[in-house]
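Data block below; observations after.
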Amino acid sequence: MGVKSRETAEKAPLERIFGPSGWLARHHPSFEYRPGQLEMAEAIESSVENGQHLIVEAGTGTGKTLAYLVPLIRSGQRVVISTGTKNLQEQLFYKDIPFIHKLFPKLRATLMKGRQNYLCRQKLYDIERQPVLNGLEEVNLYSRLREWESQTETGDRTEVEGLPDTSELWSRVDARRETCTGQKCPQFERCFITWMHQRAAESDLIIVNHHLFFADLALKQSDYASLLPDYSAVVFDEAHEIEDVATQYFGLKVSNYQMEELARDTETTLKVKAIEGGEVLSAVRELRRRSELFFELFPAGDGRTNFDNRESFLDVRRGTYSALVNSLVRLETELLAVKDRPEEINNLARRSAEIRQALEVIMESRDRSLVYWWERRGRGVFIEASPIDVSPILRERLFGQVRTVIMTSATLAVGGTFDFLKRRLGVETPREKILESHFDFGRQAILYTPLHLPDPRHAEFASRAAAEIVNLLKTTEGRAFVLFTSYQQMRSVYELVRRRLRYPMMLQGSAPRNALLDKFRSTPHAVLFATSSFWQGVDVQGQQLSAVIVDRLPFAVPTDPVVAARIRQINEEGGNAFVEYQIPEAVIALKQGFGRLIRSESDRGVLGILDHRIVKKQYGKIFFDSLPPYRRAGRLEEVSEFMQECL
């Protein structure tokens with residue numbers, strides 16, 4: 001018996017929706033009955049009804065999106081769904097929600113992104129009244145934006161075809177909080193952010209990404225209004241990313257880019273509002289000069305560096321630092337001295353004060369719960385203070401405030417338990433469920449570990465690994481991701497391999513990520529060399545991806561400032577950081593990397609791990625206990641035989 005109306009869809013047993021002859025079986029073009037999907041939906045429904053937190057590891061192919069959407073909609077509560085990326089957000093909103101709308105025709109859902117993704121009408125109009133455009137290209141883009149603004153209902157930049165990610169004009173007309181005047185803005189009633197908030201307040205489901213969710217959670221503790229309306233439950237899809245994203249938003253950051261944006265926005269506002277502001281402009285020039293001198297103090301070379309030596313750093317550079325602080329104070333003072341100042345000027349003064357306060361905390365605080373570090377990325381210099389442990393913050397602000405928090409991903413358990421996740425996130429006594437994938441991993445995948453290679457820390461490893469990769473790629477006829485834990489290793493092995501094979505070779509960084517993926521999908525026998533950003537969230541089905549080769553066990557770099565601080569904290573508290581933190585982190589990362597290969601029941605292929613520590617070290621058992629039951633091999637001949645079976 002199937003579901004025939006909205007009333008029965010809300011009240012019927014979930015079996016009638018997810019079962020072998022249920023609603024999905026009749027309406028979903030590629031439906032396959034999956035007991036795990038039904039089991040997950042029932043667990044979520046029960047958790048929402050009873051106000052419990054829930055952790056669910058749902059293997060690839062479980063159908064977890066529909067498994068959480070249906071019970072959440074049936075609950076009648078307002079629910080936030082937070083995804084790992086904007087791409088997943090859009091897939092949910094534009095693909096999954098319209099499908100499930102057939103079952104729940106009165107469902108109201110809203111897609112919410114960060115404010116910088118939306119147009120500010122007032123800024124666009126201001127530019128028209130006081131032109132501040134640079135060159136013909138900007139003039140043409142402005143005309144396109146002006147025409148689009150009169151037609152769009154969302155103001156979402158993705159609607160503007162061909163708008164570059166790095167468009168400087170867009171950064172001058174977007175709706176980010178730093179430049180928003182809120183209810184004092186003449187366009188407040190017509191504002192795309194206002195409309196988005198109104199839609200969200202009237203919605204059952206609000207689709208966000210982790211960055212927006214934690215930005216909002218951090219805002220709730222400040223003087224600023226929350227981005228999200230009240231909600232009763234939140235689902236984190238790709239929940240293994242929560243700790244890293246939360247760390248980012250509950251910390252403090254100051255950069256030379258921030259200083260330049262403040263200076264540029266001040267100049268633009270004076271121009272647009274026709275304010276003389278001679279003293280303000282003098283303060284802006286001083287800020288630029290002092291900022292340049294201060295950030296030049298940090299040595300060249302990309303990478304993250306511990307900043308525990310702040311006191312000795314300031315001992316010999318205090319004058320440069322104090323001059324930067326004073327220039328921010330001066331800018332704030334001059335802005336507040338502007339007569340009949342508009343709200344935009346007040347905003348700039350507030351921003352100057354906020355940056356100064358963050359700078360002082362990062363440079364002078366002795367709070368031992370924070371780790372202090374700096375990083376160069378290209379022309380950018382970033383100095384930061386990050387919480388070493390976000391579990392107390394999340395325990396109080398998330399798990400202690402939201403009635404039901406559901407965390408799901410294909411990679412949450414380590415050695416068959418969620419102990420690591422619970423400890424790192426601060427979630428206490430949740431319900432727990434591990435649902436096995438319905439894929440036949442023993443038939444579909446072979447895990448190859450060559451035992452003859454040297455230890456990955458050995459000087460000869462790169463050249464020997466490159467030779468092994470060449471042999472593996474010949475066996476799989478290319479069609480592979482080769483994944484690395486460091487850019488340097490990726491580039492050196494790529495150079496060694498590409499000279500010895502004729503397959504099309506692609507290297508991360510040579511083109512934008514999505515362009516590389518599209519090219520990989522459309523190029524027969526392609527091989528992509530990549531690092532961390534390709535370890536997760538990438539879906540290539542079919543023979544086009546027949547191998548995933550990993551150079552070494554993906555232990556986090558122990559010298560990374562945040563990782564080092566966490567290791568030190570665990571050890572100082574009497575724990576064993578290698579067992580309690582470094583191994584579990586590496587297990588989840590390896591599960592993510594290997595998860596790129598088998599994405600459907602018809603996928604088959606080779607998983608290569610060139611690091612024999614997984615076999616030879618005692619801790620390797622934790623990795624094997626956490627991975628699916630792949631067929632295992634130690635000789636290339638076995639891999640060749642397996643590939644012959646696949647053809």
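Each chain in the structure tokens gets a letter, A, B, ..., in the order shown, and its residues are numbered from 1; ligands are numbered from 1 in order too.
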Where in range 479-521 of chain A does DSSP assign helix (DSSP H, G or I), given as an MDAnalysis selection string? chainID A and resid 487:498 513:521
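Listed by chain and then by rising number, the residues of range 453-596 of chain A that DSSP assigns to strand (DSSP E) from the backbone are Ala480, Phe481, Val482, Leu483, Met505, Met506, Leu507, Val527, Leu528, Phe529, Ala530, Ala547, Val548, Ile549 and Val550 of chain A.
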Given the choices A:Val587, A:Leu217, A:Cys180, A:Leu597, which gets closest to Phe534 in chain A if the distance is worked out from only C-alpha atoms? A:Leu597
Identify, on the basis of only C-alpha atoms, every residue whose closest approach to range 228-232 of chain A does not exceed 12 Å; exclude the query and any residue fewer than 6 positions from it along the same chain; express the result as a short mmCIF file (atom, residue, chain, number, x, y, z; two decimals) with N, CA, C and O atoms, in the first residue's frame.
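Result saved to part.cif:
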data_model
loop_
_atom_site.label_atom_id
_atom_site.label_comp_id
_atom_site.auth_asym_id
_atom_site.auth_seq_id
_atom_site.Cartn_x
_atom_site.Cartn_y
_atom_site.Cartn_z
N SER A 47 14.60 10.42 17.00
CA SER A 47 15.45 11.41 17.68
C SER A 47 14.80 12.78 17.70
O SER A 47 14.86 13.50 18.71
N VAL A 48 14.18 13.18 16.59
CA VAL A 48 13.53 14.48 16.53
C VAL A 48 12.32 14.51 17.47
O VAL A 48 12.10 15.49 18.19
N GLU A 49 11.54 13.43 17.48
CA GLU A 49 10.37 13.37 18.35
C GLU A 49 10.76 13.45 19.83
O GLU A 49 10.08 14.08 20.63
N ASN A 50 11.89 12.81 20.18
CA ASN A 50 12.29 12.72 21.58
C ASN A 50 13.35 13.73 22.00
O ASN A 50 13.82 13.70 23.15
N GLY A 51 13.72 14.63 21.09
CA GLY A 51 14.70 15.66 21.44
C GLY A 51 16.06 15.09 21.79
O GLY A 51 16.70 15.54 22.74
N GLN A 52 16.54 14.14 20.99
CA GLN A 52 17.84 13.51 21.24
C GLN A 52 18.82 13.88 20.13
O GLN A 52 18.44 14.10 18.99
N HIS A 53 20.11 13.93 20.49
CA HIS A 53 21.15 14.07 19.47
C HIS A 53 21.44 12.69 18.89
O HIS A 53 21.29 11.67 19.57
N LEU A 72 12.37 14.74 8.74
CA LEU A 72 12.44 16.14 9.18
C LEU A 72 11.22 16.91 8.73
O LEU A 72 10.65 17.71 9.48
N SER A 75 8.19 16.08 10.75
CA SER A 75 8.20 16.52 12.15
C SER A 75 7.39 17.79 12.38
O SER A 75 6.96 18.06 13.50
N GLY A 76 7.22 18.60 11.32
CA GLY A 76 6.50 19.86 11.47
C GLY A 76 7.32 20.95 12.15
O GLY A 76 6.83 22.05 12.40
N GLN A 77 8.59 20.66 12.46
CA GLN A 77 9.46 21.64 13.11
C GLN A 77 10.30 22.37 12.06
O GLN A 77 10.49 21.87 10.96
N ARG A 78 10.77 23.57 12.43
CA ARG A 78 11.71 24.23 11.53
C ARG A 78 13.09 23.60 11.74
O ARG A 78 13.57 23.49 12.86
N VAL A 79 13.71 23.18 10.62
CA VAL A 79 14.97 22.45 10.69
C VAL A 79 16.00 23.12 9.79
O VAL A 79 15.69 23.54 8.67
N VAL A 80 17.24 23.21 10.27
CA VAL A 80 18.36 23.68 9.46
C VAL A 80 19.15 22.47 8.98
O VAL A 80 19.45 21.56 9.76
N ILE A 81 19.44 22.43 7.68
CA ILE A 81 20.30 21.39 7.13
C ILE A 81 21.59 22.07 6.68
O ILE A 81 21.57 22.97 5.85
N SER A 82 22.70 21.63 7.26
CA SER A 82 23.99 22.24 6.98
C SER A 82 24.87 21.24 6.22
O SER A 82 25.08 20.12 6.68
N THR A 110 14.17 27.12 2.01
CA THR A 110 14.96 28.30 1.62
C THR A 110 16.44 27.93 1.58
O THR A 110 16.93 27.20 2.44
N LEU A 111 17.10 28.44 0.56
CA LEU A 111 18.55 28.30 0.44
C LEU A 111 19.19 29.58 0.97
O LEU A 111 18.85 30.68 0.55
N MET A 112 20.11 29.44 1.93
CA MET A 112 20.80 30.61 2.49
C MET A 112 22.31 30.43 2.33
O MET A 112 22.86 29.40 2.71
N LYS A 113 22.95 31.44 1.76
CA LYS A 113 24.41 31.46 1.64
C LYS A 113 24.95 32.65 2.41
O LYS A 113 24.19 33.49 2.91
N GLY A 114 26.27 32.76 2.49
CA GLY A 114 26.89 33.91 3.14
C GLY A 114 26.54 35.19 2.41
O GLY A 114 26.32 35.21 1.19
N ILE A 193 18.89 40.43 1.23
CA ILE A 193 19.13 39.78 2.52
C ILE A 193 17.84 39.79 3.34
O ILE A 193 17.48 38.79 3.98
N THR A 194 17.13 40.93 3.33
CA THR A 194 15.84 41.02 4.03
C THR A 194 14.88 39.97 3.49
O THR A 194 14.21 39.26 4.26
N MET A 196 15.59 37.21 1.93
CA MET A 196 16.06 35.88 2.30
C MET A 196 15.66 35.56 3.74
O MET A 196 15.20 34.45 4.04
N HIS A 197 15.83 36.52 4.64
CA HIS A 197 15.44 36.30 6.04
C HIS A 197 13.94 36.06 6.16
O HIS A 197 13.49 35.21 6.94
N GLN A 198 13.16 36.80 5.38
CA GLN A 198 11.71 36.62 5.42
C GLN A 198 11.31 35.24 4.92
O GLN A 198 10.46 34.57 5.52
N ARG A 199 11.95 34.79 3.84
CA ARG A 199 11.65 33.45 3.33
C ARG A 199 12.04 32.40 4.36
O ARG A 199 11.31 31.42 4.57
N ALA A 200 13.20 32.60 4.99
CA ALA A 200 13.66 31.63 5.99
C ALA A 200 12.69 31.54 7.16
O ALA A 200 12.40 30.46 7.68
N ALA A 201 12.17 32.70 7.60
CA ALA A 201 11.26 32.73 8.74
C ALA A 201 9.94 32.04 8.43
O ALA A 201 9.22 31.62 9.35
N GLU A 202 9.62 31.90 7.14
CA GLU A 202 8.37 31.25 6.74
C GLU A 202 8.60 29.82 6.27
O GLU A 202 7.68 29.16 5.79
N SER A 203 9.82 29.31 6.41
CA SER A 203 10.18 28.01 5.83
C SER A 203 10.20 26.89 6.86
O SER A 203 10.40 27.13 8.06
N ASP A 204 10.03 25.67 6.36
CA ASP A 204 10.16 24.47 7.19
C ASP A 204 11.61 24.00 7.20
O ASP A 204 12.12 23.53 8.21
N LEU A 205 12.27 24.10 6.03
CA LEU A 205 13.67 23.68 5.89
C LEU A 205 14.51 24.86 5.46
O LEU A 205 14.13 25.60 4.55
N ILE A 206 15.66 25.03 6.12
CA ILE A 206 16.61 26.08 5.74
C ILE A 206 17.92 25.38 5.39
O ILE A 206 18.49 24.67 6.22
N ILE A 207 18.37 25.56 4.15
CA ILE A 207 19.56 24.86 3.66
C ILE A 207 20.75 25.82 3.72
O ILE A 207 20.76 26.85 3.03
N VAL A 208 21.74 25.49 4.54
CA VAL A 208 22.94 26.33 4.68
C VAL A 208 24.17 25.47 4.46
O VAL A 208 24.07 24.26 4.21
N LEU A 212 28.45 29.05 6.90
CA LEU A 212 27.39 29.98 7.28
C LEU A 212 26.82 29.62 8.66
O LEU A 212 26.57 30.49 9.49
N PHE A 213 26.64 28.32 8.93
CA PHE A 213 26.06 27.91 10.20
C PHE A 213 26.94 28.37 11.37
O PHE A 213 26.44 28.94 12.34
N PHE A 214 28.24 28.13 11.27
CA PHE A 214 29.10 28.48 12.40
C PHE A 214 29.39 29.98 12.46
O PHE A 214 29.64 30.52 13.55
N ALA A 215 29.33 30.65 11.32
CA ALA A 215 29.40 32.12 11.36
C ALA A 215 28.20 32.65 12.15
O ALA A 215 28.34 33.56 12.99
N ASP A 216 27.03 32.06 11.92
CA ASP A 216 25.83 32.47 12.64
C ASP A 216 25.92 32.12 14.13
O ASP A 216 25.56 32.93 14.99
N LEU A 217 26.43 30.94 14.43
CA LEU A 217 26.55 30.52 15.83
C LEU A 217 27.50 31.45 16.58
O LEU A 217 27.26 31.80 17.74
N ALA A 218 28.57 31.88 15.91
CA ALA A 218 29.51 32.82 16.54
C ALA A 218 28.85 34.20 16.71
O ALA A 218 29.05 34.87 17.72
N LEU A 219 28.05 34.62 15.71
CA LEU A 219 27.37 35.91 15.78
C LEU A 219 26.39 35.98 16.95
O LEU A 219 26.18 37.04 17.54
N LYS A 220 25.78 34.84 17.28
CA LYS A 220 24.79 34.81 18.36
C LYS A 220 25.38 35.28 19.69
O LYS A 220 24.65 35.69 20.58
N LEU A 398 25.97 24.79 21.07
CA LEU A 398 25.25 23.99 20.07
C LEU A 398 24.44 22.89 20.74
O LEU A 398 23.21 22.93 20.77
N PHE A 399 25.13 21.90 21.32
CA PHE A 399 24.43 20.74 21.86
C PHE A 399 23.59 21.08 23.09
O PHE A 399 22.58 20.42 23.36
N GLN A 401 22.00 23.98 23.40
CA GLN A 401 20.96 24.95 23.03
C GLN A 401 19.94 24.40 22.02
O GLN A 401 18.78 24.81 22.02
N VAL A 402 20.38 23.50 21.15
CA VAL A 402 19.50 22.99 20.09
C VAL A 402 18.91 21.65 20.54
O VAL A 402 19.65 20.77 21.01
N ARG A 403 17.61 21.48 20.37
CA ARG A 403 16.92 20.30 20.89
C ARG A 403 17.45 19.01 20.28
O ARG A 403 17.69 18.02 20.99
N THR A 404 17.63 19.00 18.97
CA THR A 404 18.12 17.80 18.28
C THR A 404 19.21 18.18 17.29
O THR A 404 19.00 19.02 16.42
N VAL A 405 20.38 17.56 17.44
CA VAL A 405 21.47 17.74 16.48
C VAL A 405 21.77 16.38 15.88
O VAL A 405 22.05 15.42 16.60
N ILE A 406 21.68 16.29 14.55
CA ILE A 406 21.94 15.03 13.84
C ILE A 406 23.21 15.19 13.03
O ILE A 406 23.35 16.14 12.24
#
Who sits within 8 Å of range 458-463 of chain A, only C-alpha atoms, same chain under 6 positions skipped, as a ChimeraX atom specification: /A:489,492-493,496
For the selection you just gave me, I'd like the residues written to a file as a short mmCIF file (atom, residue, chain, number, x, y, z; two decimals), in the first residue's frame, keeping N, CA and C atoms.
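Below is the file out_30.cif, written as the result:
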data_model
loop_
_atom_site.label_atom_id
_atom_site.label_comp_id
_atom_site.auth_asym_id
_atom_site.auth_seq_id
_atom_site.Cartn_x
_atom_site.Cartn_y
_atom_site.Cartn_z
N GLN A 489 55.48 16.99 -2.38
CA GLN A 489 55.54 15.60 -2.82
C GLN A 489 54.73 15.40 -4.10
N SER A 492 56.78 16.81 -7.10
CA SER A 492 57.98 16.05 -7.45
C SER A 492 57.62 14.71 -8.08
N VAL A 493 56.61 14.02 -7.54
CA VAL A 493 56.20 12.72 -8.11
C VAL A 493 55.57 12.93 -9.48
N LEU A 496 58.19 13.18 -12.09
CA LEU A 496 58.82 11.88 -12.35
C LEU A 496 57.92 10.97 -13.18
#
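Every protein, DNA or RNA residue with an atom at most 7 Å from range 561-568 of chain A, where only C-alpha atoms count and chain neighbours fewer than 3 positions away do not, is listed here: A:Arg304, A:Thr305, A:Asn306, A:Val371, A:Trp373, A:Ile388, A:Pro558, A:Asn571, A:Glu572, A:Ala577.
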For Phe520 in chain A, work out the shell of residues within 12 Å, counting only C-alpha atoms and skipping chain neighbours fewer than 2 positions away, then give it as a ChimeraX atom specification. /A:478-481,503-508,511,513-518,522-530,538-541,543-545
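Proximity ranking of A:Leu88, A:Val316, A:Leu394, A:Ile549 relative to Asp237 in chain A places A:Leu88 first, based on only C-alpha atoms.
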Identify, on the basis of only C-alpha atoms, every residue whose closest approach to Ser409 in chain A does not exceed 9 Å; exclude the query and any residue fewer than 5 positions from it along the same chain; express the result as a short mmCIF file (atom, residue, chain, number, x, y, z; two decimals) with all heavy atoms, in the first residue's frame.
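The resulting out26.cif:
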data_model
loop_
_atom_site.label_atom_id
_atom_site.label_comp_id
_atom_site.auth_asym_id
_atom_site.auth_seq_id
_atom_site.Cartn_x
_atom_site.Cartn_y
_atom_site.Cartn_z
N ILE A 55 24.12 10.43 16.05
CA ILE A 55 25.25 10.30 15.12
C ILE A 55 24.98 9.10 14.23
O ILE A 55 24.72 8.00 14.74
CB ILE A 55 26.59 10.09 15.86
CG1 ILE A 55 26.84 11.22 16.87
CG2 ILE A 55 27.74 10.03 14.86
CD1 ILE A 55 28.07 10.99 17.73
N VAL A 56 25.03 9.30 12.92
CA VAL A 56 24.78 8.21 11.97
C VAL A 56 25.90 8.17 10.94
O VAL A 56 26.10 9.14 10.19
CB VAL A 56 23.45 8.38 11.20
CG1 VAL A 56 23.20 7.17 10.31
CG2 VAL A 56 22.29 8.59 12.14
N GLU A 57 26.65 7.07 10.91
CA GLU A 57 27.56 6.85 9.78
C GLU A 57 26.79 6.04 8.75
O GLU A 57 26.38 4.91 9.02
CB GLU A 57 28.82 6.10 10.19
CG GLU A 57 29.74 5.87 8.99
CD GLU A 57 31.11 5.32 9.35
OE1 GLU A 57 31.99 6.10 9.71
OE2 GLU A 57 31.27 4.08 9.27
N ALA A 58 26.58 6.65 7.60
CA ALA A 58 25.81 6.00 6.53
C ALA A 58 26.74 5.84 5.34
O ALA A 58 27.15 6.83 4.73
CB ALA A 58 24.59 6.84 6.16
N GLY A 59 27.07 4.60 5.02
CA GLY A 59 27.99 4.32 3.92
C GLY A 59 27.50 4.88 2.60
O GLY A 59 26.30 5.12 2.40
N THR A 60 28.44 5.11 1.67
CA THR A 60 28.10 5.61 0.34
C THR A 60 27.01 4.73 -0.28
O THR A 60 27.08 3.51 -0.22
CB THR A 60 29.34 5.60 -0.56
OG1 THR A 60 30.39 6.30 0.10
CG2 THR A 60 29.06 6.27 -1.89
N LYS A 64 21.28 8.76 2.06
CA LYS A 64 21.08 9.45 3.34
C LYS A 64 20.32 10.76 3.21
O LYS A 64 19.63 11.17 4.13
CB LYS A 64 22.41 9.64 4.07
CG LYS A 64 23.41 10.60 3.46
CD LYS A 64 24.65 10.66 4.35
CE LYS A 64 25.64 11.74 3.92
NZ LYS A 64 26.18 11.59 2.58
N PHE A 236 23.79 18.00 10.29
CA PHE A 236 25.08 18.26 9.66
C PHE A 236 25.38 17.11 8.71
O PHE A 236 25.64 15.99 9.14
CB PHE A 236 26.20 18.36 10.71
CG PHE A 236 26.11 19.58 11.57
CD1 PHE A 236 25.67 19.49 12.88
CD2 PHE A 236 26.44 20.83 11.07
CE1 PHE A 236 25.57 20.61 13.68
CE2 PHE A 236 26.35 21.97 11.86
CZ PHE A 236 25.91 21.85 13.17
N ASP A 237 25.30 17.39 7.41
CA ASP A 237 25.69 16.42 6.40
C ASP A 237 27.18 16.66 6.12
O ASP A 237 27.59 17.81 5.92
CB ASP A 237 24.86 16.64 5.13
CG ASP A 237 24.90 15.44 4.20
OD1 ASP A 237 25.84 14.64 4.31
OD2 ASP A 237 23.99 15.31 3.36
N GLU A 238 27.99 15.61 6.09
CA GLU A 238 29.45 15.72 6.08
C GLU A 238 29.93 16.28 7.43
O GLU A 238 30.69 17.25 7.51
CB GLU A 238 29.96 16.60 4.92
CG GLU A 238 29.50 16.14 3.54
CD GLU A 238 30.02 14.76 3.16
OE1 GLU A 238 31.05 14.34 3.69
OE2 GLU A 238 29.38 14.10 2.32
N ALA A 239 29.46 15.63 8.50
CA ALA A 239 29.71 16.12 9.86
C ALA A 239 31.17 15.97 10.29
O ALA A 239 31.57 16.55 11.30
CB ALA A 239 28.80 15.39 10.85
N HIS A 240 31.98 15.20 9.54
CA HIS A 240 33.39 15.06 9.91
C HIS A 240 34.15 16.38 9.77
O HIS A 240 35.27 16.50 10.27
CB HIS A 240 34.06 13.98 9.05
CG HIS A 240 33.97 14.27 7.58
ND1 HIS A 240 32.86 13.97 6.83
CD2 HIS A 240 34.85 14.86 6.73
CE1 HIS A 240 33.06 14.36 5.58
NE2 HIS A 240 34.26 14.89 5.50
#
Expressed in Å, the length from CA of Phe594 in chain A to CA of Phe624 in chain A is 12.3 Å
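You will find CA of Gln357 in chain A at 19.3 Å from CA of Asp265 in chain A.
Taking CA of Ile434 in chain A and CA of Thr247 in chain A as the two end points, the separation is 26.3 Å.
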With distances taken over only C-alpha atoms, which of A:Phe484, A:Phe192, A:Phe441, A:Tyr68 is nearest to Tyr630 in chain A? A:Phe441
